[in-house]
$ cat my_file_25.txt   # compact mmCIF, C-alpha atoms and all ligand atoms
# COMPACT_ATOMS: atom_id res chain seq x y z
CA MET A 216 -15.49 -19.72 22.00
CA ASP A 217 -13.02 -17.89 24.21
CA PRO A 218 -14.71 -14.74 25.60
CA ALA A 219 -11.82 -12.68 24.22
CA ILE A 220 -12.68 -13.87 20.69
CA ALA A 221 -16.39 -13.27 21.21
CA TRP A 222 -15.58 -9.70 22.36
CA ILE A 223 -14.38 -8.89 18.83
CA ASP A 224 -17.92 -9.25 17.45
CA SER A 225 -19.04 -6.45 19.76
CA GLN A 226 -16.36 -4.21 18.22
CA GLN A 227 -17.44 -4.34 14.57
CA THR A 228 -18.74 -0.75 14.53
CA ALA A 229 -15.68 0.59 16.32
CA MET A 230 -13.42 -1.20 13.85
CA GLU A 231 -15.28 0.24 10.87
CA ARG A 232 -15.13 3.73 12.32
CA LEU A 233 -11.39 3.44 12.85
CA LEU A 234 -10.86 2.14 9.31
CA ILE A 235 -12.83 5.04 7.83
CA ASP A 236 -10.78 7.54 9.90
CA TRP A 237 -7.46 6.00 8.92
CA ALA A 238 -8.32 5.58 5.23
CA SER A 239 -9.37 9.24 5.15
CA ILE A 240 -5.79 10.28 5.97
CA ASN A 241 -3.76 10.29 2.76
CA THR A 242 -0.62 8.24 3.38
CA GLY A 243 0.92 8.06 -0.06
CA THR A 244 4.49 6.94 0.65
CA PHE A 245 5.96 10.41 0.08
CA HIS A 246 3.16 12.37 1.76
CA LEU A 247 4.99 12.94 5.00
CA ALA A 248 2.37 15.03 6.80
CA GLY A 249 -0.23 12.30 6.25
CA VAL A 250 2.05 9.45 7.25
CA GLN A 251 3.14 11.25 10.42
CA ARG A 252 -0.49 11.96 11.34
CA LEU A 253 -1.36 8.30 10.96
CA VAL A 254 1.70 7.34 13.01
CA ASP A 255 0.41 9.59 15.84
CA GLU A 256 -3.11 8.18 15.67
CA VAL A 257 -2.01 4.56 15.51
CA ALA A 258 0.44 5.02 18.39
CA GLY A 259 -2.43 6.43 20.45
CA GLN A 260 -4.60 3.38 19.78
CA PHE A 261 -1.85 0.96 20.87
CA GLU A 262 -1.02 2.87 24.06
CA PRO A 263 -3.39 0.93 26.37
CA ILE A 264 -1.76 -2.42 25.54
CA ALA A 265 1.85 -1.43 24.80
CA GLU A 266 4.85 -1.66 27.10
CA SER A 267 6.95 0.41 24.73
CA ILE A 268 6.24 2.44 21.61
CA LEU A 269 9.23 3.48 19.54
CA ARG A 270 8.91 6.01 16.78
CA LEU A 271 11.82 5.45 14.44
CA PRO A 272 12.76 7.95 11.72
CA LEU A 273 13.65 6.20 8.45
CA ALA A 274 16.56 7.29 6.28
CA SER A 275 15.59 9.08 3.06
CA HIS A 276 14.92 7.07 -0.07
CA HIS A 277 17.43 7.65 -2.89
CA GLU A 278 16.43 7.63 -6.51
CA THR A 279 17.87 8.72 -9.82
CA ASN A 280 15.70 11.26 -11.59
CA ALA A 281 15.10 11.58 -15.33
CA ARG A 282 18.24 13.76 -15.67
CA GLY A 283 20.39 11.06 -14.09
CA GLU A 284 20.78 13.07 -10.88
CA ALA A 285 20.57 11.47 -7.44
CA ILE A 286 17.59 12.75 -5.47
CA GLU A 287 16.68 12.19 -1.84
CA MET A 288 13.07 11.57 -0.87
CA PRO A 289 12.27 11.82 2.85
CA LEU A 290 10.03 9.16 4.37
CA GLY A 291 7.71 9.03 7.37
CA ASP A 292 8.54 7.23 10.60
CA ALA A 293 8.21 3.56 11.43
CA LEU A 294 6.60 2.38 14.66
CA VAL A 295 7.78 -0.51 16.81
CA ILE A 296 5.43 -1.47 19.65
CA THR A 297 6.21 -4.24 22.11
CA ARG A 298 4.69 -6.19 24.99
CA ARG A 299 6.30 -8.93 27.13
CA SER A 300 9.58 -8.86 25.24
CA ASP A 301 10.99 -11.37 27.75
CA ALA A 302 8.26 -13.99 27.21
CA PRO A 303 9.58 -17.35 25.92
CA LEU A 304 7.51 -17.24 22.74
CA GLN A 305 7.68 -14.14 20.53
CA ALA A 306 5.41 -13.09 17.69
CA VAL A 307 6.08 -10.30 15.25
CA LEU A 308 3.05 -8.62 13.67
CA ALA A 309 3.64 -6.27 10.77
CA ILE A 310 1.92 -4.14 8.19
CA HIS A 311 2.64 -0.94 6.29
CA LEU A 312 1.13 2.50 6.90
CA ASP A 313 1.74 3.87 3.40
CA THR A 314 -0.47 3.48 0.34
CA VAL A 315 0.12 3.74 -3.41
CA TYR A 316 -2.13 6.81 -3.68
CA PRO A 317 -0.19 10.10 -3.68
CA VAL A 318 -1.61 13.21 -2.05
CA ASP A 319 -2.80 14.51 -5.44
CA SER A 320 -4.50 11.25 -6.45
CA PRO A 321 -8.16 11.66 -7.46
CA PHE A 322 -8.96 8.70 -5.20
CA GLN A 323 -9.31 10.12 -1.67
CA ALA A 324 -12.90 9.64 -0.49
CA VAL A 325 -14.03 6.76 1.69
CA ILE A 326 -17.52 5.54 0.84
CA CYS A 327 -19.58 2.98 2.75
CA SER A 328 -22.29 0.82 1.28
CA ASP A 329 -24.26 -2.07 2.76
CA GLU A 330 -21.51 -4.61 2.70
CA ARG A 331 -18.43 -2.76 1.51
CA ILE A 332 -16.17 0.15 2.26
CA GLU A 333 -14.46 1.71 -0.74
CA GLY A 334 -11.48 4.00 -0.45
CA PRO A 335 -7.72 4.36 -0.74
CA GLY A 336 -5.94 1.70 1.29
CA VAL A 337 -9.08 0.24 2.90
CA ALA A 338 -7.83 -3.25 1.99
CA ASP A 339 -4.13 -2.57 1.36
CA ALA A 340 -3.52 -2.24 4.15
CA LYS A 341 -5.41 -0.07 6.63
CA GLY A 342 -8.06 -2.77 7.02
CA GLY A 343 -5.20 -5.07 8.01
CA LEU A 344 -3.91 -2.47 10.44
CA VAL A 345 -7.30 -2.43 12.20
CA VAL A 346 -7.39 -6.24 12.21
CA LEU A 347 -3.90 -6.37 13.74
CA LEU A 348 -4.87 -3.88 16.47
CA TYR A 349 -8.10 -5.66 17.44
CA ALA A 350 -6.48 -9.10 17.37
CA LEU A 351 -3.96 -7.83 19.93
CA LEU A 352 -6.60 -6.04 22.01
CA ALA A 353 -8.53 -9.32 22.18
CA PHE A 354 -5.38 -11.29 22.93
CA GLU A 355 -4.57 -8.95 25.83
CA HIS A 356 -8.11 -9.52 27.19
CA TYR A 357 -7.28 -13.22 27.13
CA VAL A 358 -3.95 -12.64 28.91
CA ALA A 359 -5.64 -10.50 31.57
CA ALA A 360 -8.34 -13.12 32.14
CA THR A 361 -6.06 -16.17 32.25
CA GLY A 362 -2.67 -14.89 33.38
CA ASP A 363 -1.06 -16.80 30.50
CA GLN A 364 2.15 -14.82 29.95
CA ARG A 365 3.89 -17.18 27.55
CA LEU A 366 3.54 -15.12 24.40
CA GLY A 367 5.08 -11.69 23.89
CA TRP A 368 4.72 -9.61 20.76
CA ARG A 369 6.30 -6.84 18.75
CA VAL A 370 4.47 -4.86 16.11
CA ILE A 371 6.44 -3.33 13.23
CA LEU A 372 4.63 -0.69 11.16
CA ASN A 373 6.63 0.77 8.28
CA SER A 374 5.91 3.58 5.87
CA ASP A 375 7.87 2.56 2.75
CA GLU A 376 6.46 -0.86 1.82
CA GLU A 377 4.80 0.36 -1.34
CA ILE A 378 8.23 1.29 -2.73
CA GLY A 379 9.76 -2.04 -1.64
CA SER A 380 10.69 -1.24 1.99
CA PRO A 381 14.17 0.04 1.03
CA CYS A 382 14.63 2.03 4.22
CA SER A 383 12.68 -0.01 6.78
CA ALA A 384 14.76 -3.12 6.04
CA ASP A 385 17.03 -2.17 8.97
CA VAL A 386 14.03 -1.90 11.30
CA PHE A 387 12.95 -5.44 10.38
CA ALA A 388 16.51 -6.70 10.76
CA LYS A 389 16.74 -5.20 14.24
CA TYR A 390 13.30 -5.95 15.68
CA ALA A 391 12.01 -9.02 13.85
CA VAL A 392 15.02 -11.31 14.08
CA GLY A 393 14.62 -13.94 16.77
CA ALA A 394 10.81 -13.96 16.71
CA ASP A 395 9.31 -17.46 16.59
CA PHE A 396 6.72 -16.60 13.97
CA GLY A 397 5.29 -13.67 12.07
CA LEU A 398 1.85 -12.43 11.08
CA VAL A 399 1.60 -9.89 8.27
CA TYR A 400 -1.63 -8.06 7.50
CA GLU A 401 -1.68 -7.67 3.74
CA PRO A 402 -5.20 -8.26 2.38
CA SER A 403 -6.20 -11.85 1.78
CA LEU A 404 -6.91 -12.90 -1.79
CA PRO A 405 -10.37 -11.75 -2.98
CA SER A 406 -11.66 -15.30 -2.39
CA GLY A 407 -10.63 -15.04 1.25
CA ASN A 408 -7.77 -17.45 0.69
CA LEU A 409 -4.24 -16.83 1.90
CA VAL A 410 -1.06 -16.57 -0.12
CA GLY A 411 1.36 -19.48 0.25
CA GLU A 412 4.54 -19.45 -1.79
CA ARG A 413 5.74 -16.13 -3.17
CA GLY A 414 8.33 -15.36 -5.81
CA GLY A 415 11.07 -12.76 -5.37
CA SER A 416 11.40 -9.30 -6.86
CA GLY A 417 13.95 -6.61 -7.54
CA ASN A 418 13.79 -3.13 -9.05
CA PHE A 419 16.73 -1.92 -11.10
CA ALA A 420 17.78 0.90 -13.38
CA ILE A 421 20.50 1.19 -15.97
CA VAL A 422 21.63 4.76 -16.54
CA ALA A 423 23.03 5.45 -20.01
CA ARG A 424 25.29 8.49 -20.40
CA GLY A 425 26.52 9.70 -23.78
CA LYS A 426 27.51 13.09 -25.09
CA SER A 427 25.22 15.91 -26.13
CA ALA A 428 25.78 17.80 -29.36
CA HIS A 429 23.86 20.10 -31.73
CA ALA A 430 21.73 17.85 -33.91
CA GLY A 431 22.30 20.02 -36.97
CA ARG A 432 25.86 21.28 -36.66
CA GLU A 433 27.72 18.47 -34.88
CA PHE A 434 25.52 15.37 -35.01
CA ALA A 435 28.52 13.04 -35.42
CA ALA A 436 30.17 14.42 -32.28
CA GLY A 437 27.24 13.33 -30.10
CA ARG A 438 26.71 9.98 -28.40
CA ASN A 439 23.00 9.26 -28.19
CA ALA A 440 21.98 7.99 -24.74
CA VAL A 441 18.35 7.35 -25.79
CA ILE A 442 19.50 4.91 -28.47
CA ALA A 443 21.81 3.24 -25.94
CA ALA A 444 18.89 2.94 -23.51
CA ALA A 445 16.67 1.48 -26.23
CA GLU A 446 19.32 -1.17 -26.95
CA VAL A 447 19.63 -1.94 -23.26
CA ALA A 448 15.83 -2.30 -23.07
CA ARG A 449 15.84 -4.80 -25.96
CA GLU A 450 18.66 -6.82 -24.43
CA LEU A 451 16.93 -6.92 -21.06
CA HIS A 452 13.66 -7.98 -22.66
CA SER A 453 15.43 -10.78 -24.54
CA LEU A 454 16.43 -12.33 -21.17
CA ASN A 455 12.78 -13.38 -20.77
CA GLY A 456 12.60 -17.12 -21.34
CA ARG A 457 16.20 -17.80 -20.33
CA TRP A 458 15.27 -19.12 -16.86
CA PRO A 459 11.95 -20.84 -16.11
CA GLY A 460 9.70 -18.60 -14.03
CA VAL A 461 11.88 -15.50 -14.38
CA THR A 462 10.39 -12.37 -15.91
CA ILE A 463 12.07 -9.07 -16.70
CA ASN A 464 9.67 -6.20 -17.18
CA VAL A 465 11.16 -3.10 -18.78
CA ALA A 466 8.84 -0.63 -17.08
CA ARG A 467 9.99 2.82 -18.13
CA ILE A 468 12.59 4.75 -20.09
CA ASP A 469 13.30 8.28 -18.88
CA GLY A 470 15.51 10.83 -20.52
CA GLY A 471 15.93 12.64 -23.76
CA SER A 472 16.40 16.21 -24.87
CA PRO A 473 14.91 18.86 -27.19
CA TYR A 474 14.61 17.92 -30.90
CA ASN A 475 17.80 19.67 -31.84
CA VAL A 476 20.07 18.10 -29.21
CA VAL A 477 21.64 14.66 -29.22
CA PRO A 478 20.53 13.39 -25.78
CA ASP A 479 23.23 12.66 -23.23
CA VAL A 480 21.22 10.84 -20.51
CA ALA A 481 18.53 8.16 -20.48
CA ILE A 482 17.48 5.65 -17.86
CA VAL A 483 15.92 2.23 -18.29
CA ARG A 484 13.92 1.10 -15.24
CA PHE A 485 12.99 -2.54 -14.92
CA ASN A 486 11.62 -5.14 -12.53
CA VAL A 487 12.81 -8.72 -12.15
CA ARG A 488 10.63 -11.53 -10.75
CA TYR A 489 12.19 -14.89 -9.93
CA PRO A 490 11.13 -18.10 -8.20
CA LYS A 491 14.33 -19.30 -6.50
CA PRO A 492 16.94 -17.37 -4.48
CA GLU A 493 19.84 -19.12 -6.24
CA LEU A 494 18.83 -17.44 -9.52
CA GLU A 495 19.82 -14.01 -8.19
CA ALA A 496 23.49 -14.49 -9.02
CA GLU A 497 22.84 -15.63 -12.59
CA ILE A 498 20.40 -12.83 -13.30
CA SER A 499 22.78 -10.34 -11.79
CA THR A 500 25.62 -11.55 -14.01
CA ALA A 501 23.41 -11.24 -17.10
CA ILE A 502 22.57 -7.63 -16.16
CA ASP A 503 26.26 -6.88 -15.60
CA GLN A 504 27.08 -8.31 -19.04
CA ILE A 505 24.63 -5.89 -20.64
CA VAL A 506 26.22 -3.02 -18.69
CA ALA A 507 29.71 -4.13 -19.78
CA GLY A 508 28.65 -4.19 -23.43
CA ALA A 509 28.17 -0.42 -23.76
CA ALA A 510 28.87 1.06 -27.20
CA GLU A 511 31.90 3.32 -27.68
CA GLY A 512 31.36 6.72 -26.08
CA ILE A 513 28.49 5.47 -23.90
CA THR A 514 28.75 4.72 -20.18
CA LEU A 515 26.23 2.41 -18.58
CA THR A 516 25.81 2.17 -14.80
CA ARG A 517 23.59 -0.12 -12.85
CA GLU A 518 21.42 0.77 -9.87
CA GLY A 519 18.87 -1.04 -7.71
CA ARG A 520 18.78 -4.41 -6.02
CA PHE A 521 16.85 -7.56 -5.32
CA SER A 522 14.65 -6.28 -2.54
CA ALA A 523 12.39 -9.22 -1.72
CA PRO A 524 13.82 -12.74 -1.85
CA PRO A 525 11.44 -15.55 -2.83
CA LYS A 526 9.34 -16.84 0.06
CA LEU A 527 9.83 -20.56 -0.05
CA PHE A 528 7.19 -23.08 0.84
CA ASP A 529 9.28 -24.85 3.47
CA PRO A 530 7.95 -27.25 6.16
CA GLN A 531 8.01 -24.63 8.93
CA TYR A 532 5.93 -22.30 6.81
CA GLN A 533 3.51 -25.05 5.83
CA THR A 534 3.00 -25.93 9.50
CA LEU A 535 2.17 -22.32 10.28
CA LEU A 536 -0.33 -22.13 7.42
CA ARG A 537 -2.02 -25.32 8.61
CA GLN A 538 -2.27 -23.93 12.15
CA VAL A 539 -3.95 -20.80 10.81
CA ARG A 540 -6.30 -22.92 8.72
CA ASP A 541 -7.24 -25.00 11.79
CA CYS A 542 -8.08 -21.83 13.74
CA GLY A 543 -10.17 -20.74 10.75
CA LEU A 544 -12.10 -24.02 10.73
CA HIS A 545 -13.15 -23.47 14.36
CA LEU A 546 -14.53 -20.09 13.29
CA GLY A 547 -16.33 -21.50 10.25
CA LEU A 548 -13.72 -20.35 7.71
CA ASP A 549 -12.46 -22.81 5.14
CA LEU A 550 -9.08 -21.32 4.19
CA ALA A 551 -6.74 -22.53 1.50
CA TRP A 552 -3.59 -20.93 0.09
CA GLU A 553 -2.32 -20.12 -3.38
CA ARG A 554 0.99 -19.15 -4.92
CA SER A 555 1.46 -15.46 -5.79
CA GLY A 556 3.92 -13.57 -7.92
CA GLY A 557 3.47 -10.51 -5.70
CA VAL A 558 5.89 -9.68 -2.91
CA CYS A 559 5.48 -8.07 0.50
CA ASP A 560 7.26 -7.72 3.82
CA GLY A 561 6.46 -11.40 4.41
CA ASN A 562 9.22 -12.19 1.90
CA ARG A 563 11.65 -10.04 3.85
CA LEU A 564 10.63 -11.50 7.23
CA ALA A 565 11.07 -15.04 5.89
CA ALA A 566 14.55 -14.11 4.64
CA LEU A 567 15.35 -12.99 8.21
CA GLY A 568 14.45 -16.47 9.45
CA VAL A 569 10.94 -15.65 10.72
CA PRO A 570 8.35 -18.01 9.19
CA ASN A 571 5.18 -16.02 8.63
CA VAL A 572 1.68 -15.95 7.18
CA ASP A 573 1.35 -12.68 5.32
CA THR A 574 -2.24 -12.24 4.16
CA LEU A 575 -4.08 -12.01 7.46
CA GLY A 576 -5.67 -8.65 6.67
CA VAL A 577 -9.17 -8.04 5.38
CA ARG A 578 -10.94 -9.52 2.37
CA GLY A 579 -11.25 -6.98 -0.41
CA GLY A 580 -10.28 -6.31 -3.97
CA ASN A 581 -9.13 -3.98 -6.75
CA ILE A 582 -6.15 -2.97 -4.66
CA HIS A 583 -3.74 -0.42 -6.18
CA SER A 584 -6.64 0.89 -8.29
CA THR A 585 -9.19 3.67 -7.82
CA GLU A 586 -11.81 1.01 -7.13
CA GLU A 587 -10.20 -0.49 -4.06
CA PHE A 588 -12.72 -1.88 -1.57
CA MET A 589 -13.01 -4.23 1.38
CA TRP A 590 -15.83 -6.36 2.81
CA ARG A 591 -16.94 -4.88 6.13
CA ALA A 592 -17.67 -8.26 7.70
CA SER A 593 -14.07 -9.31 7.18
CA LEU A 594 -12.83 -6.92 9.90
CA ALA A 595 -14.23 -8.95 12.79
CA GLU A 596 -13.83 -12.22 10.87
CA ARG A 597 -10.08 -11.76 10.37
CA ALA A 598 -9.44 -10.22 13.79
CA LYS A 599 -11.01 -13.32 15.36
CA LEU A 600 -8.82 -15.54 13.18
CA SER A 601 -5.64 -13.83 14.34
CA ALA A 602 -6.67 -13.57 17.98
CA SER A 603 -7.56 -17.25 18.08
CA PHE A 604 -4.24 -18.10 16.41
CA LEU A 605 -2.33 -16.08 19.03
CA ILE A 606 -4.24 -17.77 21.87
CA THR A 607 -3.58 -21.21 20.35
CA LYS A 608 0.14 -20.47 20.07
CA SER A 609 0.29 -19.13 23.60
CA LEU A 610 -1.48 -22.20 24.98
CA ALA A 611 0.91 -24.52 23.14
CA GLY A 612 3.91 -22.59 24.53
CA LYS A 613 7.39 -22.86 23.12
ZN ZN B 1 0.20 -3.86 0.91
$ encode --input "my_file_25.txt" --output "structure tokens"
Amino acid sequence: MDPAIAWIDSQQTAMERLLIDWASINTGTFHLAGVQRLVDEVAGQFEPIAESILRLPLASHHETNARGEAIEMPLGDALVITRRSDAPLQAVLAIHLDTVYPVDSPFQAVICSDERIEGPGVADAKGGLVVLLYALLAFEHYVAATGDQRLGWRVILNSDEEIGSPCSADVFAKYAVGADFGLVYEPSLPSGNLVGERGGSGNFAIVARGKSAHAGREFAAGRNAVIAAAEVARELHSLNGRWPGVTINVARIDGGSPYNVVPDVAIVRFNVRYPKPELEAEISTAIDQIVAGAAEGITLTREGRFSAPPKLFDPQYQTLLRQVRDCGLHLGLDLAWERSGGVCDGNRLAALGVPNVDTLGVRGGNIHSTEEFMWRASLAERAKLSASFLITKSLAGK
């Protein structure tokens, strides 16, 4: 085993300590103070191996509230950290800093037991963040020992992944394009396996606007936006089954008014999952047809977008997965991959032309729930996997 890989085993305690520290900082996507604190701490940890650390403010996220008004939600910074940007072979390593747990979530404590650490984001994805850091620390030990300068890297850490990376898309477009391959540190599947093919996803809203009126005096003068939204919801739901593998989940209806008022605004929020990029146009047309079919006196407007194109199982991607599996075999890991309906920044990187393996973070489970946990042993295990993959790529050259 390369001494740089063996070094990781000596770092297990340090990795656990760092994970506990980072998971103890609440980084719900809209908890700016927490996200900025984590950005500071993470930047500090990368300093010894970085040539440049850029702290990039993200634009605010725009949403429509339950009254149909546009609201702006500020986001924390993204970090871009680079080393040997002129090396012939370039890797991009990415993971998000934010979690799904808001600052007022009851799930804040980090608890260690014999084999597990439980806490918000320990698997998704702060465990992965620690793995990413230690894989690069080990890789830089290798570079220092051998003088092999063929592989350069850039790390992209964003703070809006849990809302679909709407505002860090530009950061990926600027700093990931041109990389030869990507490594993303979402948690592996609970079995330890990786995700292979991924479907695509988009979040949308249809805003219905009618006309308010007194429910007793002038009922007939009103145009009921809640009823319009309910009809839209039914029509959207009836699209399920039209295309194989496509699902439309009507997730929420906002809006309404007091009992004695005909409601003038309601919003239907829905998610679309789809297996093939070429379906986007057809689905989009079907949504537009629903919007165009508004009843008299009702205005429907559409918001949202397809935010994560399907990640196709193309030959380049399969080669990369096999290379990761081979590195795993040398470390005693028998890795396979499975299809997933979930999406992540791996979808977005692939759409930018960067083939990538996107579940190189820790083994854990119950993510996005108040029982999230990770297996402690997977910190060193997965850091060794990534470090050995980076060394293998560097040795092979371009
Ligand atoms: Zn995640």
$ closest_residue --input "my_file_25.txt" --among "A:Gly519, A:Pro524, A:Pro218, A:Gly561" --to "ligand ZN 1 (chain B)" --atoms "all atoms listed in the file"
A:Gly561
$ residues_around --input "my_file_25.txt" --residues "Leu575 in chain A" --least-positions-apart "4" --cutoff "7 Å" --atoms "all atoms listed in the file" --output "PDB file with C-alpha atoms, in the coordinates of the input"
ATOM      1  CA  LEU A 398       1.850 -12.430  11.080  1.00  0.00           C
ATOM      2  CA  VAL A 399       1.600  -9.890   8.270  1.00  0.00           C
ATOM      3  CA  TYR A 400      -1.630  -8.060   7.500  1.00  0.00           C
ATOM      4  CA  GLU A 401      -1.680  -7.670   3.740  1.00  0.00           C
ATOM      5  CA  PRO A 402      -5.200  -8.260   2.380  1.00  0.00           C
ATOM      6  CA  SER A 403      -6.200 -11.850   1.780  1.00  0.00           C
ATOM      7  CA  ARG A 597     -10.080 -11.760  10.370  1.00  0.00           C
TER       8      ARG A 597
END
$ residues_around --input "my_file_25.txt" --residues "Leu344 in chain A" --least-positions-apart "6" --cutoff "9 Å" --atoms "only C-alpha atoms" --output "ChimeraX atom specification"
/A:234,257,309-312,372,400-401,576
$ residues_near_ligand --input "my_file_25.txt" --ligand "ligand ZN 1 (chain B)" --cutoff "10 Å" --atoms "all atoms listed in the file" --output "PyMOL selection string"
chain A and resi 310-315+336+338-341+343+376-377+399-402+557-560+573-574+576+582-583
$ residues_around --input "my_file_25.txt" --residues "Leu366 in chain A" --least-positions-apart "3" --cutoff "6 Å" --atoms "all atoms listed in the file" --output "count of residues only"
4
$ closest_residue --input "my_file_25.txt" --among "A:Val572, A:Leu347, A:Ala496, A:Ala444" --to "Ala510 in chain A" --atoms "only C-alpha atoms"
A:Ala444
$ residues_near_point --input "my_file_25.txt" --point "(-7.6, -9.7, 21.8)" --cutoff "12 Å" --atoms "all atoms listed in the file" --output "PyMOL selection string"
chain A and resi 217-224+226+264+346-360+595+597-606
